[in-house]
Amino acid sequence: MKKIVFEREKCIGCGACVSVCPSFWETSNDGKVDLKEGVEEDGNFKREMEDAGCNQEASQSCPVQCIHVKENDS
Ligand code: SF4
């Protein structure tokens, strides 16, 4: 299992993640983006999944490195 952690506060709304991974990311009307079905925890948004899929590309494309793909060891 993988876990995506999104530090939304750092997001500058460039849209790169939405371009490479629209199944998980969408633009928001506050100028940032949202992780679809992300659950807020400690100010970040998290989502667990079997396979990181295009989130690996989303993470690599993010200019402020606020998308993290981690092993879900919990
Ligand atoms: S790539 Fe990063 S900075 Fe750009 S919109 Fe996505 S999360 Fe925000």
# chains A, B, ... in the order shown; residues from 1 in each chain; ligands from 1
>>> residues_near_ligand(ligand="ligand 1", cutoff="10 Å", atoms="only C-alpha atoms and all ligand atoms", output="count of residues only")
37
>>> select_by_dssp(residues="region 15-56 of chain A", states="strand (DSSP E or B)", output="ChimeraX atom specification")
/A:25-27,33-35,39-41,44-49
>>> select_by_dssp(residues="chain A", states="alpha helix (DSSP H)", output="ChimeraX atom specification")
/A:16-20,55-61
>>> atom_distance(atom1="CA of Lys70 (chain A)", atom2="CA of Val5 (chain A)")
7.6 Å
>>> atom_distance(atom1="CA of Lys3 (chain A)", atom2="CA of Ala52 (chain A)")
7.7 Å
>>> decode(residues="region 5-34 of chain A", atoms="C-alpha atoms", output="PDB file, in the first residue's frame")
ATOM      1  CA  VAL A   5       0.642  13.164   1.554  1.00  0.00           C
ATOM      2  CA  PHE A   6      -0.224  16.593   0.189  1.00  0.00           C
ATOM      3  CA  GLU A   7       1.082  19.704   1.954  1.00  0.00           C
ATOM      4  CA  ARG A   8      -1.637  21.910   0.558  1.00  0.00           C
ATOM      5  CA  GLU A   9      -0.367  25.072   2.245  1.00  0.00           C
ATOM      6  CA  LYS A  10       2.762  25.002   0.038  1.00  0.00           C
ATOM      7  CA  CYS A  11       0.859  24.548  -3.242  1.00  0.00           C
ATOM      8  CA  ILE A  12       1.257  27.449  -5.685  1.00  0.00           C
ATOM      9  CA  GLY A  13      -1.465  26.224  -8.026  1.00  0.00           C
ATOM     10  CA  CYS A  14       0.740  25.683 -11.088  1.00  0.00           C
ATOM     11  CA  GLY A  15      -1.490  22.831 -12.254  1.00  0.00           C
ATOM     12  CA  ALA A  16       1.315  20.416 -13.158  1.00  0.00           C
ATOM     13  CA  CYS A  17      -0.142  17.621 -11.025  1.00  0.00           C
ATOM     14  CA  VAL A  18      -3.564  18.014 -12.650  1.00  0.00           C
ATOM     15  CA  SER A  19      -1.950  17.792 -16.105  1.00  0.00           C
ATOM     16  CA  VAL A  20      -0.073  14.571 -15.430  1.00  0.00           C
ATOM     17  CA  CYS A  21      -2.511  12.925 -13.015  1.00  0.00           C
ATOM     18  CA  PRO A  22      -6.076  14.200 -13.465  1.00  0.00           C
ATOM     19  CA  SER A  23      -7.585  11.070 -11.971  1.00  0.00           C
ATOM     20  CA  PHE A  24      -6.289  12.121  -8.554  1.00  0.00           C
ATOM     21  CA  TRP A  25      -5.897  15.908  -8.748  1.00  0.00           C
ATOM     22  CA  GLU A  26      -8.291  18.709  -9.556  1.00  0.00           C
ATOM     23  CA  THR A  27      -8.129  22.479  -9.541  1.00  0.00           C
ATOM     24  CA  SER A  28      -9.823  24.304  -6.720  1.00  0.00           C
ATOM     25  CA  ASN A  29     -11.487  27.706  -6.814  1.00  0.00           C
ATOM     26  CA  ASP A  30      -9.081  29.090  -4.215  1.00  0.00           C
ATOM     27  CA  GLY A  31      -6.186  28.917  -6.723  1.00  0.00           C
ATOM     28  CA  LYS A  32      -4.713  25.708  -5.368  1.00  0.00           C
ATOM     29  CA  VAL A  33      -5.520  22.100  -6.163  1.00  0.00           C
ATOM     30  CA  ASP A  34      -7.227  19.305  -4.276  1.00  0.00           C
TER      31      ASP A  34
END
